[in-house]
$ cat structure-v1.cif   # mmCIF, C-alpha atoms
data_protein
#
loop_
_atom_site.label_atom_id
_atom_site.label_comp_id
_atom_site.auth_asym_id
_atom_site.auth_seq_id
_atom_site.Cartn_x
_atom_site.Cartn_y
_atom_site.Cartn_z
CA MET Z 1 -38.37 -42.75 24.43
CA ARG Z 2 -37.84 -43.74 28.01
CA ALA Z 3 -37.84 -47.34 26.93
CA PHE Z 4 -35.04 -46.68 24.46
CA VAL Z 5 -32.97 -44.96 27.10
CA LYS Z 6 -33.42 -47.87 29.40
CA LEU Z 7 -32.42 -50.30 26.67
CA HIS Z 8 -29.36 -48.28 25.84
CA ALA Z 9 -28.33 -48.21 29.45
CA GLU Z 10 -28.49 -51.97 29.44
CA GLY Z 11 -26.42 -52.04 26.23
CA ASP Z 12 -29.08 -53.73 24.18
CA GLY Z 13 -29.73 -51.28 21.35
CA PHE Z 14 -28.75 -48.16 19.57
CA VAL Z 15 -30.55 -44.93 20.46
CA PRO Z 16 -30.67 -42.80 17.33
CA PRO Z 17 -30.18 -39.07 17.83
CA SER Z 18 -33.49 -37.28 18.01
CA THR Z 19 -34.77 -33.76 18.02
CA ASN Z 20 -34.21 -33.79 21.75
CA ASP Z 21 -30.48 -33.77 21.11
CA PHE Z 22 -30.94 -30.20 19.98
CA ASN Z 23 -32.54 -29.20 23.23
CA LEU Z 24 -29.48 -28.41 25.28
CA PRO Z 25 -29.63 -27.65 28.99
CA PRO Z 26 -28.77 -24.18 30.28
CA ILE Z 27 -25.18 -23.59 31.34
CA THR Z 28 -26.28 -22.83 34.87
CA GLU Z 29 -29.58 -23.86 36.37
CA SER Z 30 -30.30 -20.36 37.64
CA ILE Z 31 -30.35 -18.66 34.19
CA ALA Z 32 -32.76 -20.69 32.15
CA TRP Z 33 -32.30 -18.84 28.88
CA LEU Z 34 -28.50 -19.05 28.83
CA THR Z 35 -28.05 -22.14 26.68
CA LYS Z 36 -25.26 -23.18 24.37
CA PRO Z 37 -26.82 -21.76 21.18
CA VAL Z 38 -27.46 -18.45 22.95
CA LEU Z 39 -23.82 -18.29 24.02
CA LEU Z 40 -22.70 -19.25 20.54
CA VAL Z 41 -24.77 -16.48 18.99
CA PHE Z 42 -23.21 -13.92 21.30
CA LEU Z 43 -19.79 -15.42 20.64
CA SER Z 44 -20.38 -15.03 16.91
CA VAL Z 45 -21.26 -11.36 17.40
CA ILE Z 46 -18.02 -10.81 19.30
CA LEU Z 47 -15.87 -12.80 16.87
CA VAL Z 48 -17.27 -11.16 13.76
CA SER Z 49 -17.08 -7.67 15.30
CA VAL Z 50 -13.51 -8.10 16.49
CA PHE Z 51 -12.31 -9.65 13.26
CA PHE Z 52 -13.77 -6.98 11.02
CA ILE Z 53 -12.90 -4.06 13.28
CA LEU Z 54 -9.28 -5.24 13.37
CA SER Z 55 -9.10 -5.94 9.66
CA SER Z 56 -10.74 -2.67 8.64
CA ARG Z 57 -9.06 -0.44 11.21
CA LYS Z 58 -6.24 0.85 9.01
CA ALA Z 59 -8.21 0.94 5.76
CA ALA Z 60 -4.93 1.16 3.85
CA VAL Z 61 -4.71 1.47 0.09
CA VAL Z 62 -2.22 -1.38 0.09
CA PRO Z 63 -3.88 -3.89 2.45
CA SER Z 64 -2.17 -6.12 4.98
CA LYS Z 65 -2.98 -9.83 4.98
CA LEU Z 66 -5.60 -9.32 7.67
CA GLN Z 67 -7.18 -6.40 5.89
CA PHE Z 68 -7.15 -8.35 2.65
CA ALA Z 69 -8.96 -11.25 4.33
CA GLY Z 70 -11.64 -8.98 5.78
CA GLU Z 71 -11.90 -7.00 2.58
CA SER Z 72 -12.34 -10.12 0.47
CA ILE Z 73 -15.40 -11.17 2.47
CA TYR Z 74 -16.78 -7.64 2.54
CA GLY Z 75 -16.06 -7.17 -1.16
CA PHE Z 76 -17.77 -10.45 -1.96
CA VAL Z 77 -21.00 -9.39 -0.22
CA ARG Z 78 -20.77 -5.83 -1.49
CA ASN Z 79 -19.97 -6.53 -5.14
CA ASP Z 80 -21.13 -10.05 -5.94
CA LEU Z 81 -24.27 -10.01 -3.83
CA ALA Z 82 -25.44 -6.45 -3.26
CA ARG Z 83 -24.19 -4.60 -6.35
CA ASP Z 84 -24.78 -7.28 -8.94
CA VAL Z 85 -28.25 -8.13 -7.68
CA ILE Z 86 -29.69 -4.80 -6.49
CA GLY Z 87 -28.04 -2.37 -8.88
CA HIS Z 88 -27.35 1.32 -8.41
CA GLU Z 89 -29.08 1.69 -5.01
CA PHE Z 90 -27.12 -1.21 -3.53
CA MET Z 91 -24.97 0.76 -1.09
CA ARG Z 92 -27.92 1.33 1.29
CA PHE Z 93 -28.27 -2.40 1.82
CA VAL Z 94 -24.64 -3.40 2.08
CA PRO Z 95 -24.43 -3.11 5.91
CA TYR Z 96 -27.54 -5.26 6.32
CA LEU Z 97 -26.52 -7.91 3.81
CA PHE Z 98 -22.97 -7.94 5.14
CA THR Z 99 -24.22 -8.49 8.70
CA LEU Z 100 -26.60 -11.17 7.51
CA PHE Z 101 -23.93 -13.09 5.65
CA THR Z 102 -21.25 -12.95 8.33
CA PHE Z 103 -23.71 -13.68 11.13
CA VAL Z 104 -25.25 -16.71 9.44
CA LEU Z 105 -21.92 -18.00 8.16
CA THR Z 106 -20.22 -17.80 11.55
CA ASN Z 107 -23.10 -19.45 13.38
CA ASN Z 108 -23.30 -22.19 10.74
CA ILE Z 109 -19.60 -22.92 10.88
CA PHE Z 110 -19.82 -23.26 14.66
CA GLY Z 111 -21.43 -26.60 13.77
CA ILE Z 112 -18.08 -28.10 12.83
CA VAL Z 113 -15.69 -26.10 15.01
CA PRO Z 114 -14.23 -28.48 17.60
CA PHE Z 115 -15.62 -27.99 21.13
CA LEU Z 116 -18.30 -25.60 19.92
CA GLN Z 117 -19.79 -28.11 17.48
CA PHE Z 118 -23.31 -26.81 17.37
CA PRO Z 119 -24.87 -24.82 14.55
CA ALA Z 120 -26.92 -22.13 16.26
CA MET Z 121 -29.10 -21.87 13.16
CA SER Z 122 -30.44 -25.36 13.89
CA HIS Z 123 -32.50 -23.63 16.55
CA VAL Z 124 -35.35 -22.36 14.48
CA ALA Z 125 -35.74 -19.15 16.49
CA PHE Z 126 -32.63 -17.60 14.94
CA PRO Z 127 -33.58 -18.22 11.29
CA TYR Z 128 -37.08 -16.96 12.14
CA VAL Z 129 -35.66 -13.71 13.48
CA LEU Z 130 -33.44 -13.22 10.43
CA ALA Z 131 -36.29 -14.00 8.06
CA ILE Z 132 -38.53 -11.50 9.88
CA PHE Z 133 -35.82 -8.86 9.54
CA SER Z 134 -35.37 -9.57 5.83
CA PHE Z 135 -39.15 -9.64 5.37
CA GLY Z 136 -39.37 -6.25 7.08
CA VAL Z 137 -36.52 -4.80 5.03
CA PHE Z 138 -37.76 -5.75 1.60
CA HIS Z 139 -41.37 -4.73 2.25
CA TYR Z 140 -40.16 -1.49 3.81
CA VAL Z 141 -38.05 -0.50 0.82
CA GLY Z 142 -40.87 -1.46 -1.54
CA ILE Z 143 -43.36 0.73 0.31
CA GLN Z 144 -40.80 3.51 0.59
CA LYS Z 145 -40.14 3.40 -3.12
CA HIS Z 146 -43.65 3.01 -4.53
CA GLY Z 147 -45.99 4.08 -1.73
CA ILE Z 148 -48.02 1.51 0.14
CA ILE Z 149 -51.05 1.44 -2.18
CA LYS Z 150 -49.10 1.07 -5.42
CA TYR Z 151 -46.78 -1.47 -3.83
CA LEU Z 152 -49.59 -3.67 -2.55
CA LYS Z 153 -51.50 -3.27 -5.79
CA GLU Z 154 -48.53 -4.41 -7.83
CA ILE Z 155 -48.10 -7.43 -5.61
CA ALA Z 156 -51.76 -8.41 -5.71
CA PHE Z 157 -52.44 -7.50 -9.34
CA MET Z 158 -49.35 -8.10 -11.38
CA PRO Z 159 -49.45 -5.72 -14.36
CA GLY Z 160 -49.75 -7.05 -17.87
CA VAL Z 161 -51.85 -10.10 -17.03
CA PRO Z 162 -55.32 -10.81 -18.46
CA LYS Z 163 -58.00 -10.05 -15.85
CA PRO Z 164 -59.45 -13.57 -15.35
CA VAL Z 165 -55.99 -14.85 -14.44
CA TYR Z 166 -56.08 -12.70 -11.31
CA ILE Z 167 -58.50 -15.18 -9.74
CA LEU Z 168 -55.64 -17.62 -9.68
CA LEU Z 169 -52.68 -15.32 -9.52
CA THR Z 170 -53.68 -12.88 -6.78
CA PRO Z 171 -53.84 -15.44 -3.95
CA ILE Z 172 -50.62 -17.03 -5.11
CA GLU Z 173 -48.81 -13.70 -5.25
CA ILE Z 174 -50.07 -12.58 -1.87
CA ALA Z 175 -49.10 -15.90 -0.32
CA THR Z 176 -45.70 -15.71 -1.99
CA PHE Z 177 -44.86 -12.27 -0.74
CA PHE Z 178 -46.23 -12.51 2.78
CA LEU Z 179 -45.96 -16.17 3.72
CA VAL Z 180 -43.87 -18.31 1.43
CA ARG Z 181 -40.86 -16.01 1.22
CA PRO Z 182 -40.18 -15.54 4.93
CA LEU Z 183 -41.06 -19.15 5.70
CA THR Z 184 -38.86 -20.71 3.03
CA LEU Z 185 -36.05 -18.32 3.88
CA SER Z 186 -35.98 -19.38 7.51
CA LEU Z 187 -36.92 -23.02 7.11
CA ARG Z 188 -34.35 -23.65 4.38
CA LEU Z 189 -31.57 -22.44 6.64
CA PHE Z 190 -32.94 -24.13 9.72
CA ALA Z 191 -33.58 -27.48 8.06
CA ASN Z 192 -30.17 -27.63 6.43
CA MET Z 193 -28.38 -26.95 9.67
CA PHE Z 194 -30.66 -29.22 11.65
CA ALA Z 195 -30.36 -32.14 9.25
CA GLY Z 196 -26.64 -31.66 8.83
CA HIS Z 197 -26.05 -31.76 12.54
CA LEU Z 198 -28.33 -34.76 12.93
CA LEU Z 199 -26.44 -36.58 10.20
CA LEU Z 200 -23.12 -35.96 11.91
CA LEU Z 201 -24.61 -37.12 15.20
CA VAL Z 202 -25.83 -40.35 13.62
CA PHE Z 203 -22.41 -41.32 12.31
CA ILE Z 204 -20.39 -40.21 15.30
CA MET Z 205 -22.78 -41.68 17.87
CA GLY Z 206 -23.15 -44.78 15.73
CA GLY Z 207 -19.40 -45.21 15.56
CA ASP Z 208 -19.18 -44.76 19.30
CA TYR Z 209 -21.92 -47.30 19.89
CA MET Z 210 -20.33 -49.84 17.61
CA MET Z 211 -16.94 -49.37 19.22
CA HIS Z 212 -18.38 -50.25 22.59
CA ASP Z 213 -20.41 -53.17 21.32
CA SER Z 214 -19.37 -56.63 22.43
CA HIS Z 215 -19.33 -58.08 18.90
CA LEU Z 216 -15.98 -57.95 17.13
CA ILE Z 217 -17.56 -57.27 13.74
CA MET Z 218 -19.28 -54.21 15.15
CA LYS Z 219 -15.98 -52.96 16.54
CA LEU Z 220 -14.31 -53.52 13.17
CA PHE Z 221 -16.89 -51.47 11.33
CA SER Z 222 -16.87 -48.66 13.85
CA PRO Z 223 -13.94 -46.77 12.22
CA PHE Z 224 -15.86 -46.61 8.95
CA SER Z 225 -18.69 -44.86 10.70
CA PHE Z 226 -16.25 -42.32 12.16
CA ALA Z 227 -14.54 -41.87 8.80
CA PHE Z 228 -17.84 -41.22 7.14
CA GLY Z 229 -18.65 -38.75 9.89
CA ILE Z 230 -15.43 -36.88 9.12
CA ALA Z 231 -16.15 -36.88 5.40
CA LEU Z 232 -19.60 -35.53 6.13
CA THR Z 233 -18.03 -32.78 8.21
CA PHE Z 234 -16.33 -31.46 5.07
CA PHE Z 235 -19.59 -31.74 3.21
CA GLU Z 236 -21.28 -29.87 6.05
CA PHE Z 237 -18.75 -27.06 5.74
CA MET Z 238 -19.78 -26.63 2.13
CA VAL Z 239 -23.49 -26.67 3.04
CA GLN Z 240 -22.91 -24.13 5.82
CA CYS Z 241 -21.19 -21.68 3.50
CA LEU Z 242 -23.77 -22.28 0.79
CA GLN Z 243 -26.70 -21.68 3.10
CA ALA Z 244 -25.26 -18.39 4.36
CA TYR Z 245 -24.77 -17.38 0.72
CA ILE Z 246 -28.28 -18.42 -0.30
CA PHE Z 247 -29.94 -16.61 2.60
CA THR Z 248 -28.12 -13.38 1.73
CA LEU Z 249 -28.61 -13.79 -2.00
CA LEU Z 250 -32.36 -14.34 -1.64
CA THR Z 251 -32.71 -11.32 0.65
CA ALA Z 252 -30.84 -9.25 -1.96
CA LEU Z 253 -33.12 -10.61 -4.69
CA TYR Z 254 -36.26 -9.77 -2.70
CA ILE Z 255 -34.95 -6.24 -2.10
CA ALA Z 256 -34.16 -5.90 -5.80
CA GLY Z 257 -37.68 -7.10 -6.61
CA ALA Z 258 -39.25 -4.61 -4.24
CA LEU Z 259 -37.19 -1.79 -5.76
CA ALA Z 260 -37.99 -2.77 -9.33
CA ASP Z 261 -40.65 -0.76 -11.11
CA GLU Z 262 -42.64 -3.85 -11.97
CA HIS Z 263 -42.73 -6.97 -9.89
CA MET L 1 -43.76 -20.97 22.42
CA ARG L 2 -41.89 -23.66 24.22
CA SER L 3 -40.49 -23.43 27.71
CA PHE L 4 -37.33 -25.12 28.89
CA ASN L 5 -38.69 -28.44 29.95
CA PHE L 6 -35.74 -30.40 28.66
CA LEU L 7 -35.19 -32.17 31.92
CA SER L 8 -38.56 -33.77 31.63
CA GLY L 9 -38.23 -33.78 27.84
CA GLU L 10 -39.19 -37.34 27.08
CA GLU L 11 -41.68 -36.24 24.46
CA PRO L 12 -40.02 -35.53 21.11
CA LEU L 13 -40.05 -31.75 20.85
CA ASN L 14 -41.26 -29.98 17.78
CA PRO L 15 -38.14 -28.31 16.42
CA LEU L 16 -40.22 -25.82 14.44
CA ILE L 17 -41.47 -24.07 17.55
CA PRO L 18 -39.04 -21.38 18.61
CA HIS L 19 -37.86 -20.55 22.09
CA THR L 20 -39.04 -17.10 23.10
CA ALA L 21 -35.69 -16.35 24.72
CA GLU L 22 -33.85 -17.31 21.57
CA LEU L 23 -36.01 -15.06 19.46
CA VAL L 24 -35.11 -12.15 21.70
CA VAL L 25 -31.45 -13.10 21.85
CA GLY L 26 -31.28 -13.55 18.09
CA ALA L 27 -32.85 -10.17 17.47
CA ILE L 28 -30.57 -8.42 19.96
CA ALA L 29 -27.42 -10.18 18.77
CA PHE L 30 -28.14 -9.50 15.12
CA THR L 31 -29.01 -5.85 15.75
CA LEU L 32 -25.86 -5.42 17.81
CA LEU L 33 -23.70 -6.91 15.07
CA PHE L 34 -25.48 -4.82 12.45
CA LEU L 35 -24.82 -1.60 14.37
CA VAL L 36 -21.16 -2.44 14.94
CA LEU L 37 -20.52 -3.41 11.33
CA ARG L 38 -22.43 -0.45 9.94
CA LYS L 39 -20.72 2.06 12.18
CA ALA L 40 -17.16 0.77 12.37
CA VAL L 41 -16.50 -1.59 9.51
CA VAL L 42 -18.44 -0.67 6.37
CA PRO L 43 -17.24 2.99 6.26
CA LYS L 44 -13.64 1.88 6.72
CA PHE L 45 -13.77 -0.66 3.93
CA GLU L 46 -15.58 1.82 1.71
CA LYS L 47 -12.87 4.36 2.45
CA ALA L 48 -10.19 1.82 1.52
CA PHE L 49 -12.03 1.03 -1.73
CA THR L 50 -12.46 4.71 -2.59
CA ASP L 51 -8.87 5.52 -1.76
CA ARG L 52 -7.68 2.64 -3.87
CA ALA L 53 -9.85 3.62 -6.82
CA GLU L 54 -8.65 7.19 -6.50
CA ALA L 55 -5.03 6.09 -6.27
CA ILE L 56 -5.40 4.06 -9.45
CA GLU L 57 -7.30 6.80 -11.26
CA GLY L 58 -4.82 9.40 -10.01
CA GLY L 59 -1.96 7.26 -11.31
CA ILE L 60 -3.57 6.98 -14.71
CA GLU L 61 -4.27 10.70 -14.75
CA ARG L 62 -0.68 11.47 -13.80
CA ALA L 63 0.61 9.18 -16.52
CA GLU L 64 -1.65 10.83 -19.06
CA LYS L 65 -0.47 14.24 -17.96
CA ALA L 66 3.16 13.15 -18.22
CA GLN L 67 2.55 11.78 -21.68
CA LEU L 68 0.92 15.04 -22.75
CA GLU L 69 3.84 16.95 -21.30
CA ALA L 70 6.28 14.74 -23.17
CA GLN L 71 4.37 15.21 -26.39
CA ARG L 72 4.37 18.96 -25.95
CA ALA L 73 8.09 18.90 -25.22
CA LEU L 74 8.67 16.86 -28.36
CA VAL L 75 6.69 19.30 -30.48
CA GLN L 76 8.56 22.18 -28.91
CA TYR L 77 11.86 20.46 -29.47
CA ASN L 78 11.04 19.77 -33.09
CA GLU L 79 9.98 23.35 -33.56
CA GLN L 80 13.16 24.58 -32.00
CA LEU L 81 15.18 22.21 -34.10
CA SER L 82 13.58 23.32 -37.34
CA SER L 83 13.83 26.97 -36.39
CA ALA L 84 17.48 26.45 -35.48
CA GLN L 85 18.05 24.79 -38.81
CA GLY L 86 16.39 27.73 -40.55
CA GLU L 87 18.43 30.11 -38.51
CA ALA L 88 21.59 28.26 -39.39
CA SER L 89 20.84 28.22 -43.09
CA LYS L 90 19.96 31.90 -42.92
CA LEU L 91 23.23 32.60 -41.17
CA ARG L 92 25.09 30.56 -43.74
CA GLU L 93 23.42 32.51 -46.51
CA GLU L 94 24.21 35.76 -44.79
CA ALA L 95 27.78 34.70 -44.28
CA ARG L 96 28.08 33.79 -47.91
CA VAL L 97 26.63 37.12 -48.98
CA GLN L 98 28.80 38.93 -46.52
CA GLY L 99 31.86 36.97 -47.61
CA ALA L 100 31.10 37.79 -51.21
CA ALA L 101 30.69 41.45 -50.29
CA ILE L 102 33.94 41.47 -48.36
CA LEU L 103 35.69 39.75 -51.22
CA GLU L 104 34.25 42.27 -53.65
CA GLU L 105 35.31 45.13 -51.43
CA LEU L 106 38.78 43.73 -51.06
CA ARG L 107 39.04 43.24 -54.75
CA THR L 108 37.93 46.81 -55.38
CA LYS L 109 40.33 48.06 -52.78
CA ALA L 110 43.17 46.06 -54.30
CA GLN L 111 42.30 47.31 -57.71
CA ASP L 112 42.21 50.87 -56.43
CA GLU L 113 45.51 50.33 -54.69
CA ALA L 114 46.93 48.86 -57.83
CA ALA L 115 45.59 51.77 -59.83
CA ARG L 116 46.97 54.18 -57.32
CA ILE L 117 50.37 52.50 -57.32
CA THR L 118 50.34 52.44 -61.09
CA ALA L 119 49.39 56.08 -61.17
CA ALA L 120 52.13 56.95 -58.67
CA ALA L 121 54.58 54.93 -60.71
CA HIS L 122 53.45 56.70 -63.85
CA ALA L 123 53.79 60.08 -62.12
CA SER L 124 57.21 59.29 -60.77
CA ILE L 125 58.28 57.95 -64.16
CA GLU L 126 56.94 61.08 -65.80
CA ALA L 127 58.78 63.30 -63.26
CA GLU L 128 61.93 61.35 -63.72
CA ARG L 129 61.53 61.55 -67.43
CA GLN L 130 60.89 65.24 -67.20
CA GLN L 131 63.92 65.58 -65.01
CA ALA L 132 65.97 63.48 -67.36
CA ILE L 133 64.75 65.54 -70.30
CA THR L 134 65.61 68.77 -68.50
CA SER L 135 69.04 67.59 -67.45
CA LEU L 136 69.57 66.00 -70.84
CA ARG L 137 68.53 69.22 -72.53
CA ASN L 138 71.03 71.22 -70.44
CA GLU L 139 73.73 68.71 -71.07
CA VAL L 140 72.94 68.39 -74.74
CA GLY L 141 72.88 72.21 -74.95
CA ALA L 142 76.21 72.50 -73.27
CA LEU L 143 77.62 69.71 -75.34
CA ALA L 144 76.23 71.10 -78.53
CA VAL L 145 77.52 74.54 -77.75
CA GLU L 146 80.86 73.21 -76.89
CA LEU L 147 80.80 71.10 -79.97
CA ALA L 148 79.68 73.97 -82.15
CA SER L 149 82.21 76.36 -80.66
CA LYS L 150 84.81 73.86 -81.27
CA ILE L 151 83.63 73.33 -84.79
CA VAL L 152 83.10 76.96 -85.62
CA GLY L 153 86.10 78.01 -83.75
CA GLU L 154 84.61 81.05 -82.43
CA ALA L 155 83.57 81.50 -78.91
CA LEU L 156 80.11 82.26 -78.44
CA ASP L 157 80.48 84.14 -75.29
CA ASP L 158 77.47 86.12 -75.58
CA GLN L 159 74.95 84.46 -73.29
CA ALA L 160 71.96 85.67 -75.09
CA ARG L 161 73.13 84.50 -78.41
CA GLN L 162 74.16 81.19 -76.95
CA SER L 163 70.83 80.38 -75.42
CA ARG L 164 69.06 81.46 -78.60
CA ILE L 165 71.10 79.07 -80.56
CA VAL L 166 70.40 76.29 -78.07
CA GLU L 167 66.67 77.02 -78.16
CA ARG L 168 66.66 76.88 -81.90
CA PHE L 169 68.59 73.64 -81.80
CA ILE L 170 66.25 72.01 -79.43
CA GLU L 171 63.21 73.19 -81.37
CA ASP L 172 64.75 71.60 -84.38
CA LEU L 173 65.31 68.49 -82.41
CA GLU L 174 61.68 68.40 -81.25
CA LYS L 175 60.42 69.07 -84.74
CA SER L 176 62.47 66.23 -86.07
CA LYS L 177 61.26 63.91 -83.45
#

$ encode --input "structure-v1.cif" --output "structure tokens"
Amino acid sequence: MRAFVKLHAEGDGFVPPSTNDFNLPPITESIAWLTKPVLLVFLSVILVSVFFILSSRKAAVVPSKLQFAGESIYGFVRNDLARDVIGHEFMRFVPYLFTLFTFVLTNNIFGIVPFLQFPAMSHVAFPYVLAIFSFGVFHYVGIQKHGIIKYLKEIAFMPGVPKPVYILLTPIEIATFFLVRPLTLSLRLFANMFAGHLLLLVFIMGGDYMMHDSHLIMKLFSPFSFAFGIALTFFEFMVQCLQAYIFTLLTALYIAGALADEH
Amino acid sequence: MRSFNFLSGEEPLNPLIPHTAELVVGAIAFTLLFLVLRKAVVPKFEKAFTDRAEAIEGGIERAEKAQLEAQRALVQYNEQLSSAQGEASKLREEARVQGAAILEELRTKAQDEAARITAAAHASIEAERQQAITSLRNEVGALAVELASKIVGEALDDQARQSRIVERFIEDLEKSK
């Protein structure tokens, strides 16, 4: 790695963006934990809180434009995610799912907001935390609904299956519920944000490198790299929204599964 | 867990290993947002939704009530109309009956009047006739006496005899009649 840096400094080669590009220095040397993603996460909390408090403050029957905007997002999570997936008990989970969706969405979109330009969810700690919360929530409601013994029994020994199949099925089910679900939930979000950001870095840094190269052909092709970077930014916006949706949808599905009488 | 060794970070870092600080920050930030949204935002939006649903349902209910009211009014109106029509026809019938009765009464009265007038006329005619007969009788008597005295040439001075003769004359007259 040091060799690459040296080469780049001498203008002899392109240094591709690496995982180290995600490891940002703290804002001030004295507070080691205060990094850009940490700030962005707090910023997202403030932005989301302020936006929704302002838009919901009047709670008018005939909404203003602001209230309509806030209500549309809230209504989407409440009706299309919580109610349609979970069913009649959905109202208990609306605050959680709503927080999840807005939190993930805002932090994802930070990846393409000028000057911020860093998706906090590409730091795996944040998806891990969210997945742990979702994991806790859906197991908690399952245990609350069925009692711990019945709940665990239904996970381990799915009803209506011939007995010998349990040899195969029981380990799979246990792994699914306690390992695969939280891991895939967090890694899917993390990997999408990480890869998306890396992709943007490749094209933007590549364009920059080519622009400063001595060869004319390289300079000529540099705008294409930038243009592709911009196109990818739009694509990233779609992925960011989609990933926030998927994370919330899957959490709602897991909750619905835990509440169902048979898994 | 990884520490912040980015300054000496020449080794490619494993992005799957989380920062401890970020785990804590993530948990705190998410919890904070959850509390704010649950306390301040969700109830407000729910209230707006409920109010709106109630407003719509209330509107429908009001419209239904108005329609019911209108229907009742229509029924009432029709009832009133038909009863008024019945009333009117009854009144007409009554008027006709009454008119007929009045007419009958008038006719009777007129007939009575006519009868009375006729009777009065008859009476007066009879009286006049009687009077005429009486005066005629006196005159005829006087004339006859005069005539007879003239013819006979003798004065019938005697009153008694005279009136006897007249009586006899008149009786003869009546008999011959």

$ resolve_selection --input "structure-v1.cif" --expression "the PyMOL selection byres ((chain Z) within 6 of (chain L))" --output "MDAnalysis selection string"
chainID Z and resid 33 45 53 56 59:61 95 99 124:126

$ atom_distance --input "structure-v1.cif" --atom1 "atom CA of Z:Ile172" --atom2 "atom CA of Z:Glu154"
13.1 Å

$ resolve_selection --input "structure-v1.cif" --expression "the PyMOL selection byres ((chain Z and resi 254) around 9)" --output "short mmCIF file (atom, residue, chain, number, x, y, z; two decimals) with C-alpha atoms, in the coordinates of the input"
data_model
loop_
_atom_site.label_atom_id
_atom_site.label_comp_id
_atom_site.auth_asym_id
_atom_site.auth_seq_id
_atom_site.Cartn_x
_atom_site.Cartn_y
_atom_site.Cartn_z
CA SER Z 134 -35.37 -9.57 5.83
CA PHE Z 135 -39.15 -9.64 5.37
CA PHE Z 138 -37.76 -5.75 1.60
CA HIS Z 139 -41.37 -4.73 2.25
CA ARG Z 181 -40.86 -16.01 1.22
CA LEU Z 249 -28.61 -13.79 -2.00
CA LEU Z 250 -32.36 -14.34 -1.64
CA THR Z 251 -32.71 -11.32 0.65
CA ALA Z 252 -30.84 -9.25 -1.96
CA LEU Z 253 -33.12 -10.61 -4.69
CA ILE Z 255 -34.95 -6.24 -2.10
CA ALA Z 256 -34.16 -5.90 -5.80
CA GLY Z 257 -37.68 -7.10 -6.61
CA ALA Z 258 -39.25 -4.61 -4.24
CA LEU Z 259 -37.19 -1.79 -5.76
#

$ atom_distance --input "structure-v1.cif" --atom1 "atom CA of Z:Thr248" --atom2 "atom CA of Z:Phe234"
21.8 Å

$ atom_distance --input "structure-v1.cif" --atom1 "atom CA of L:Leu143" --atom2 "atom CA of L:Ser124"
27.2 Å

$ residues_near_point --input "structure-v1.cif" --point "(-20.2, -45.8, 19.2)" --cutoff "12 Å" --atoms "all atoms listed in the file" --output "CSV table (one decimal) with C-alpha atoms, keeping the file's coordinate frame"
chain,number,residue,atom,x,y,z
Z,8,HIS,CA,-29.4,-48.3,25.8
Z,11,GLY,CA,-26.4,-52.0,26.2
Z,13,GLY,CA,-29.7,-51.3,21.4
Z,14,PHE,CA,-28.8,-48.2,19.6
Z,15,VAL,CA,-30.6,-44.9,20.5
Z,16,PRO,CA,-30.7,-42.8,17.3
Z,201,LEU,CA,-24.6,-37.1,15.2
Z,202,VAL,CA,-25.8,-40.4,13.6
Z,203,PHE,CA,-22.4,-41.3,12.3
Z,204,ILE,CA,-20.4,-40.2,15.3
Z,205,MET,CA,-22.8,-41.7,17.9
Z,206,GLY,CA,-23.2,-44.8,15.7
Z,207,GLY,CA,-19.4,-45.2,15.6
Z,208,ASP,CA,-19.2,-44.8,19.3
Z,209,TYR,CA,-21.9,-47.3,19.9
Z,210,MET,CA,-20.3,-49.8,17.6
Z,211,MET,CA,-16.9,-49.4,19.2
Z,212,HIS,CA,-18.4,-50.2,22.6
Z,213,ASP,CA,-20.4,-53.2,21.3
Z,214,SER,CA,-19.4,-56.6,22.4
Z,218,MET,CA,-19.3,-54.2,15.2
Z,219,LYS,CA,-16.0,-53.0,16.5
Z,220,LEU,CA,-14.3,-53.5,13.2
Z,221,PHE,CA,-16.9,-51.5,11.3
Z,222,SER,CA,-16.9,-48.7,13.8
Z,223,PRO,CA,-13.9,-46.8,12.2
Z,224,PHE,CA,-15.9,-46.6,9.0
Z,225,SER,CA,-18.7,-44.9,10.7
Z,226,PHE,CA,-16.2,-42.3,12.2
Z,229,GLY,CA,-18.6,-38.8,9.9

$ axis_aligned_box --input "structure-v1.cif" --around "stretch 25-32 of chain L" --padding-each-side "5 Å" --output "AutoDock Vina command-line options"
--center_x -29.4 --center_y -9.5 --center_z 18.5 --size_x 17.0 --size_y 18.1 --size_z 16.7

$ closest_residue --input "structure-v1.cif" --among "Z:Ile86, Z:Leu242, Z:Leu183, Z:Val41" --to "Z:Ile132" --atoms "only C-alpha atoms"
Z:Leu183

$ residues_around --input "structure-v1.cif" --residues "Z:Gln67" --least-positions-apart "4" --cutoff "6 Å" --atoms "all atoms listed in the file" --output "compact mmCIF listing (two decimals) with C-alpha atoms, in the frame of the given file"
# COMPACT_ATOMS: atom_id res chain seq x y z
CA SER Z 55 -9.10 -5.94 9.66
CA SER Z 56 -10.74 -2.67 8.64
CA PRO Z 63 -3.88 -3.89 2.45
CA GLU Z 71 -11.90 -7.00 2.58

$ resolve_selection --input "structure-v1.cif" --expression "the PyMOL selection byres ((chain L and resi 170) around 12)" --output "PyMOL selection string"
chain L and resi 133-134+136-142+144-145+163-169+171-177

$ closest_residue --input "structure-v1.cif" --among "L:Gln76, L:Gly58, L:Gln162, L:Glu126" --to "L:Ala148" --atoms "all atoms listed in the file"
L:Gln162

$ residues_around --input "structure-v1.cif" --residues "Z:Ile155" --least-positions-apart "3" --cutoff "12 Å" --atoms "all atoms listed in the file" --output "list in words"
His139, Gly142, Ile143, His146, Ile148, Ile149, Lys150, Tyr151, Leu152, Met158, Pro159, Tyr166, Leu169, Thr170, Pro171, Ile172, Glu173, Ile174, Ala175, Thr176, Phe177, Phe178, Gly257, Ala258, Ala260, Asp261, Glu262 and His263 of chain Z
